[in-house]
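Shown next, in structure tokens, is the structure this report addresses.
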Amino acid sequence: MGDDDSLTPEIHPAGPDALLLRFALTPCPAAMAAAQVLAAQLERDPPGGVVEIAPALVSVLLRFDPAITQRATLAQAVLTRADAIASRHMAPPPPTRRWTIPAAFGGENGPHLEQVARKLSITPAAAIAQVCDSELRVLAIGFAPGQPYIGLLPEPWDLPRLSDLTPSVPAGAVVVAVRQIVMFGAPSATGWRQIARSAFRTFLPERAEPMPLRPGDAIRYAPVSDSEIATLARHEDGLGGAKLEVLA
């Protein structure tokens, strides 16, 4: 994933009542930041007729009510905002919430940690420190209910996916690739490298807030032992000891 900051916002139709504003074809940091800025602007001041705003890594999907607005009218309004953001290379808006999530790194909970550390030419302890010291954000929620894409890790973490799928990683697995982290809410196959495991469940339908993470949330990982994760996994709230701090 490169750092090219050349952005070309484009509008694409998405079914009978939605459109997609896309800043780039690849998840470069500049496009990710632009998508976060646009989503935040739209949440604060949505155009008339918009009924849903769903940010992704480098794009924002808007659903609208055709009885209130026309696709062309909405597209022009959104594209005007996107062009202004792209031309100014704006930084992402500051987070309003921060999660601190305990995770057990290495061993059975992170079978690829040593491999990742070798690729980075650092020790496993240094790799853990880099993850836990990074200023991470929820970039998007997708693929499965509540599943976060979290980033960005330092540039050396621009690691390719594995050549073969791992048939299954457990719920709570913390996996890495292309400077990003995914935290699985349920057992899943993956081509990303598992470096840790949390007891945080990103989706529990019976919970008061089934999907507690939101795009834009700040994320910090706090290393804990294997035995601590086992204990945290028994918490009925499914938050695995995670703490939420409201910043603004």
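Ligands are numbered from 1 in the order shown, chains are lettered A, B, ... in the order of the structure tokens, and residues start at 1 in each chain.
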Using only C-alpha atoms, tabulate the residues of region 69-137 of chain A lying at most 9 Å from any atom of region 235-240 of chain A, each with its closest atom pair and that distance in Å to one decimal, by chain and increasing residue number, as a Markdown table.
| residue | atom | partner | partner_atom | distance |
| --- | --- | --- | --- | --- |
| A:Ile101 | CA | A:Gly240 | CA | 7.6 |
| A:Pro102 | CA | A:Gly240 | CA | 7.2 |
| A:Ala103 | CA | A:Gly240 | CA | 9.0 |
I need the residues of region 22-153 of chain A that end up classed as alpha helix (DSSP H) by DSSP on the backbone, written out as a ChimeraX atom specification.
/A:29-44,71-88,113-120,124-133
Written selection (C-alpha atoms) as a PDB file, in the first residue's frame:
ATOM      1  CA  PRO A  29      -3.221   6.907   3.540  1.00  0.00           C
ATOM      2  CA  ALA A  30      -4.351  10.130   1.828  1.00  0.00           C
ATOM      3  CA  ALA A  31      -7.491   8.474   0.445  1.00  0.00           C
ATOM      4  CA  MET A  32      -8.268   6.894   3.802  1.00  0.00           C
ATOM      5  CA  ALA A  33      -7.968  10.264   5.524  1.00  0.00           C
ATOM      6  CA  ALA A  34     -10.164  11.922   2.894  1.00  0.00           C
ATOM      7  CA  ALA A  35     -12.887   9.288   3.306  1.00  0.00           C
ATOM      8  CA  GLN A  36     -12.868   9.808   7.086  1.00  0.00           C
ATOM      9  CA  VAL A  37     -13.096  13.592   6.698  1.00  0.00           C
ATOM     10  CA  LEU A  38     -15.972  13.341   4.216  1.00  0.00           C
ATOM     11  CA  ALA A  39     -17.897  10.866   6.379  1.00  0.00           C
ATOM     12  CA  ALA A  40     -17.525  13.131   9.410  1.00  0.00           C
ATOM     13  CA  GLN A  41     -18.706  16.161   7.424  1.00  0.00           C
ATOM     14  CA  LEU A  42     -21.715  14.280   6.097  1.00  0.00           C
ATOM     15  CA  GLU A  43     -22.654  13.027   9.567  1.00  0.00           C
ATOM     16  CA  ARG A  44     -22.571  16.611  10.908  1.00  0.00           C
ATOM     17  CA  ARG A  71     -29.374  11.098  -7.535  1.00  0.00           C
ATOM     18  CA  ALA A  72     -27.807  13.780  -9.755  1.00  0.00           C
ATOM     19  CA  THR A  73     -28.492  16.542  -7.222  1.00  0.00           C
ATOM     20  CA  LEU A  74     -27.011  14.542  -4.359  1.00  0.00           C
ATOM     21  CA  ALA A  75     -24.041  13.422  -6.452  1.00  0.00           C
ATOM     22  CA  GLN A  76     -23.096  16.993  -7.333  1.00  0.00           C
ATOM     23  CA  ALA A  77     -23.364  18.150  -3.707  1.00  0.00           C
ATOM     24  CA  VAL A  78     -21.205  15.296  -2.425  1.00  0.00           C
ATOM     25  CA  LEU A  79     -18.648  15.593  -5.213  1.00  0.00           C
ATOM     26  CA  THR A  80     -18.217  19.312  -4.471  1.00  0.00           C
ATOM     27  CA  ARG A  81     -17.369  18.482  -0.854  1.00  0.00           C
ATOM     28  CA  ALA A  82     -15.062  15.641  -1.879  1.00  0.00           C
ATOM     29  CA  ASP A  83     -13.140  17.816  -4.358  1.00  0.00           C
ATOM     30  CA  ALA A  84     -12.528  20.419  -1.639  1.00  0.00           C
ATOM     31  CA  ILE A  85     -11.245  17.747   0.748  1.00  0.00           C
ATOM     32  CA  ALA A  86      -8.988  16.176  -1.901  1.00  0.00           C
ATOM     33  CA  SER A  87      -7.458  19.506  -2.877  1.00  0.00           C
ATOM     34  CA  ARG A  88      -6.630  20.443   0.716  1.00  0.00           C
ATOM     35  CA  LEU A 113       4.183 -12.925  15.678  1.00  0.00           C
ATOM     36  CA  GLU A 114       7.745 -14.245  15.337  1.00  0.00           C
ATOM     37  CA  GLN A 115       7.394 -14.483  11.546  1.00  0.00           C
ATOM     38  CA  VAL A 116       6.167 -10.890  11.389  1.00  0.00           C
ATOM     39  CA  ALA A 117       9.029  -9.718  13.618  1.00  0.00           C
ATOM     40  CA  ARG A 118      11.568 -11.418  11.329  1.00  0.00           C
ATOM     41  CA  LYS A 119      10.068  -9.705   8.295  1.00  0.00           C
ATOM     42  CA  LEU A 120      10.393  -6.384  10.103  1.00  0.00           C
ATOM     43  CA  PRO A 124       8.890  -9.916  18.856  1.00  0.00           C
ATOM     44  CA  ALA A 125       8.952  -7.616  21.889  1.00  0.00           C
ATOM     45  CA  ALA A 126       9.694  -4.643  19.624  1.00  0.00           C
ATOM     46  CA  ALA A 127       6.883  -5.664  17.271  1.00  0.00           C
ATOM     47  CA  ILE A 128       4.442  -5.767  20.199  1.00  0.00           C
ATOM     48  CA  ALA A 129       5.648  -2.355  21.332  1.00  0.00           C
ATOM     49  CA  GLN A 130       5.134  -0.880  17.861  1.00  0.00           C
ATOM     50  CA  VAL A 131       1.538  -2.148  17.737  1.00  0.00           C
ATOM     51  CA  CYS A 132       0.721  -0.929  21.244  1.00  0.00           C
ATOM     52  CA  ASP A 133       2.405   2.456  20.736  1.00  0.00           C
TER      53      ASP A 133
END
Strand (DSSP E) call set, DSSP backbone run, region 8-206 of chain A, as an MDAnalysis selection string:
chainID A and resid 10:13 18:22 50:55 59:64 97:105 136:141 148:151 166:169 173:177 180:183 188:190 193:198
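Each of A:Met90, A:Ile11, A:Ile141, A:Ala171 was checked against Gly216 (chain A) using only C-alpha atoms; the smallest atom-to-atom distance is that of A:Ile141.
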Can you tell me, as a PyMOL selection string, what residues are no more than 12 Å from Gly15 (chain A) when counting only C-alpha atoms, ignoring any on the same chain fewer than 2 positions away?
chain A and resi 12-13+17-20+61-64+66+71
Please, could you write that set of residues out with C-alpha atoms as a CSV table (one decimal), in the first residue's frame?
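Result went into out-v5.csv, see below:
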chain,number,residue,atom,x,y,z
A,12,HIS,CA,-20.7,5.8,-8.9
A,13,PRO,CA,-24.3,4.6,-8.7
A,17,ASP,CA,-31.2,4.5,-4.0
A,18,ALA,CA,-27.5,4.9,-3.3
A,19,LEU,CA,-24.3,6.3,-4.6
A,20,LEU,CA,-20.7,5.7,-3.8
A,61,LEU,CA,-21.7,5.1,0.5
A,62,LEU,CA,-24.8,7.2,0.8
A,63,ARG,CA,-28.3,5.9,0.6
A,64,PHE,CA,-31.0,8.4,-0.1
A,66,PRO,CA,-35.8,9.2,-4.0
A,71,ARG,CA,-29.4,11.1,-7.5
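If you look at CA of Trp192 (chain A) and CA of His112 (chain A), they are 9.3 Å away from each other.
CA of Gly146 (chain A) sits 5.0 Å away from CA of Met211 (chain A).
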Using only C-alpha atoms, which protein or nucleic acid residues come within 9 Å of Ala144 (chain A)? Drop anything in the same chain fewer than 5 positions from it, and give the result as an MDAnalysis selection string.
chainID A and resid 184:185 203
May I have the selected residues written with all heavy atoms, as a JSON list (two decimals), in the first residue's frame?
[["chain", "number", "residue", "atom", "x", "y", "z"],
["A", 184, "PHE", "N", -11.24, -10.31, 14.57],
["A", 184, "PHE", "CA", -12.38, -11.14, 14.20],
["A", 184, "PHE", "C", -13.34, -11.31, 15.37],
["A", 184, "PHE", "O", -12.93, -11.57, 16.51],
["A", 184, "PHE", "CB", -11.91, -12.51, 13.71],
["A", 184, "PHE", "CG", -11.32, -12.49, 12.34],
["A", 184, "PHE", "CD1", -9.95, -12.65, 12.15],
["A", 184, "PHE", "CD2", -12.12, -12.30, 11.23],
["A", 184, "PHE", "CE1", -9.41, -12.63, 10.88],
["A", 184, "PHE", "CE2", -11.58, -12.27, 9.95],
["A", 184, "PHE", "CZ", -10.22, -12.44, 9.77],
["A", 185, "GLY", "N", -14.64, -11.21, 15.07],
["A", 185, "GLY", "CA", -15.66, -11.42, 16.09],
["A", 185, "GLY", "C", -16.11, -12.85, 16.20],
["A", 185, "GLY", "O", -16.82, -13.20, 17.15],
["A", 203, "PHE", "N", -19.09, -8.24, 17.75],
["A", 203, "PHE", "CA", -20.53, -8.33, 17.46],
["A", 203, "PHE", "C", -21.15, -9.38, 18.35],
["A", 203, "PHE", "O", -20.77, -10.55, 18.32],
["A", 203, "PHE", "CB", -20.76, -8.69, 15.99],
["A", 203, "PHE", "CG", -22.22, -8.91, 15.64],
["A", 203, "PHE", "CD1", -23.13, -7.87, 15.71],
["A", 203, "PHE", "CD2", -22.66, -10.16, 15.25],
["A", 203, "PHE", "CE1", -24.47, -8.08, 15.39],
["A", 203, "PHE", "CE2", -24.00, -10.38, 14.92],
["A", 203, "PHE", "CZ", -24.90, -9.33, 14.99]]
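Close contacts of Leu244 (chain A), defined as residues with an atom at most 9 Å away when counting only C-alpha atoms, with chain neighbours fewer than 3 positions off set aside, comprise Arg97, Arg98, Trp99, Thr100 and Ile101 of chain A.
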Selection: 7 Å around region 228-234 of chain A, only C-alpha atoms, excl. self and same-chain fewer than 3 positions, as a list in words:
Ala103, Ala104, Ser198, Ala199, Val224, Ser225, Gly240 and Gly241 of chain A
Output file for the residues above (C-alpha atoms, as a PDB file, in the first residue's frame):
ATOM      1  CA  ALA A 103      -4.603  -8.616  23.927  1.00  0.00           C
ATOM      2  CA  ALA A 104      -2.278 -11.589  24.436  1.00  0.00           C
ATOM      3  CA  SER A 198      -8.273 -10.426  22.446  1.00  0.00           C
ATOM      4  CA  ALA A 199     -11.408 -11.351  24.367  1.00  0.00           C
ATOM      5  CA  VAL A 224      -1.670  -9.030  28.823  1.00  0.00           C
ATOM      6  CA  SER A 225      -0.838 -12.662  29.592  1.00  0.00           C
ATOM      7  CA  GLY A 240     -12.963  -8.607  27.190  1.00  0.00           C
ATOM      8  CA  GLY A 241     -11.813  -5.956  29.630  1.00  0.00           C
TER       9      GLY A 241
END
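Of the residues listed (A:Val182, A:Val175, A:Val169, A:Val138), A:Val138 shows the shortest atom-to-atom separation from Leu213 (chain A); distances use only C-alpha atoms.
Using only C-alpha atoms, the nearest neighbour of Val60 (chain A) within the list A:Pro9, A:Pro111, A:Pro167, A:Pro187 is A:Pro9.
Each of A:Ile219, A:Leu21, A:Ala56, A:Ala196 was compared to Pro170 (chain A) using only C-alpha atoms, and A:Ala196 turns out to be the nearest.
Using only C-alpha atoms, the residues found no farther than 9 Å from Trp157 (chain A), other than those of its own chain fewer than 3 positions away, are Val116, Lys119, Leu120, Leu152, Leu153, Pro154, Pro160, Val176, Ala177, Val178, Arg179 and Gln180 of chain A.
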File dump, residues just selected, N, CA and C atoms, as an mmCIF file, in the first residue's frame:
data_model
loop_
_atom_site.group_PDB
_atom_site.id
_atom_site.type_symbol
_atom_site.label_atom_id
_atom_site.label_comp_id
_atom_site.auth_asym_id
_atom_site.auth_seq_id
_atom_site.Cartn_x
_atom_site.Cartn_y
_atom_site.Cartn_z
ATOM 1 N N VAL A 116 6.314 -12.312 11.693
ATOM 2 C CA VAL A 116 6.167 -10.890 11.389
ATOM 3 C C VAL A 116 7.389 -10.121 11.865
ATOM 4 N N LYS A 119 10.259 -10.485 9.512
ATOM 5 C CA LYS A 119 10.068 -9.705 8.295
ATOM 6 C C LYS A 119 10.361 -8.231 8.540
ATOM 7 N N LEU A 120 10.136 -7.774 9.758
ATOM 8 C CA LEU A 120 10.393 -6.384 10.103
ATOM 9 C C LEU A 120 11.822 -6.167 10.589
ATOM 10 N N LEU A 152 -3.480 3.253 10.908
ATOM 11 C CA LEU A 152 -2.487 2.519 10.132
ATOM 12 C C LEU A 152 -1.280 2.240 11.009
ATOM 13 N N LEU A 153 -0.728 1.041 10.841
ATOM 14 C CA LEU A 153 0.527 0.691 11.485
ATOM 15 C C LEU A 153 1.684 1.390 10.765
ATOM 16 N N PRO A 154 2.883 1.436 11.374
ATOM 17 C CA PRO A 154 4.029 2.065 10.706
ATOM 18 C C PRO A 154 4.296 1.465 9.320
ATOM 19 N N PRO A 160 2.464 -8.149 2.844
ATOM 20 C CA PRO A 160 1.468 -8.792 1.981
ATOM 21 C C PRO A 160 0.697 -9.865 2.734
ATOM 22 N N VAL A 176 -2.856 -9.149 10.967
ATOM 23 C CA VAL A 176 -2.264 -7.971 10.328
ATOM 24 C C VAL A 176 -1.926 -8.241 8.871
ATOM 25 N N ALA A 177 -2.000 -7.183 8.078
ATOM 26 C CA ALA A 177 -1.522 -7.132 6.689
ATOM 27 C C ALA A 177 -1.694 -5.697 6.221
ATOM 28 N N VAL A 178 -0.939 -5.312 5.203
ATOM 29 C CA VAL A 178 -1.036 -4.006 4.535
ATOM 30 C C VAL A 178 -1.251 -2.850 5.513
ATOM 31 N N ARG A 179 -0.455 -2.834 6.603
ATOM 32 C CA ARG A 179 -0.465 -1.775 7.616
ATOM 33 C C ARG A 179 -1.777 -1.710 8.402
ATOM 34 N N GLN A 180 -2.597 -2.728 8.295
ATOM 35 C CA GLN A 180 -3.881 -2.726 8.975
ATOM 36 C C GLN A 180 -3.999 -3.919 9.920
#
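Take CA of Ser188 (chain A) and CA of Leu204 (chain A): the distance between them is 15.7 Å.
With only C-alpha atoms as the atoms that count, the minimum distance from Val58 (chain A) to the choices A:Asp226, A:Glu209, A:Asp45, A:Glu10 is reached by A:Glu10.
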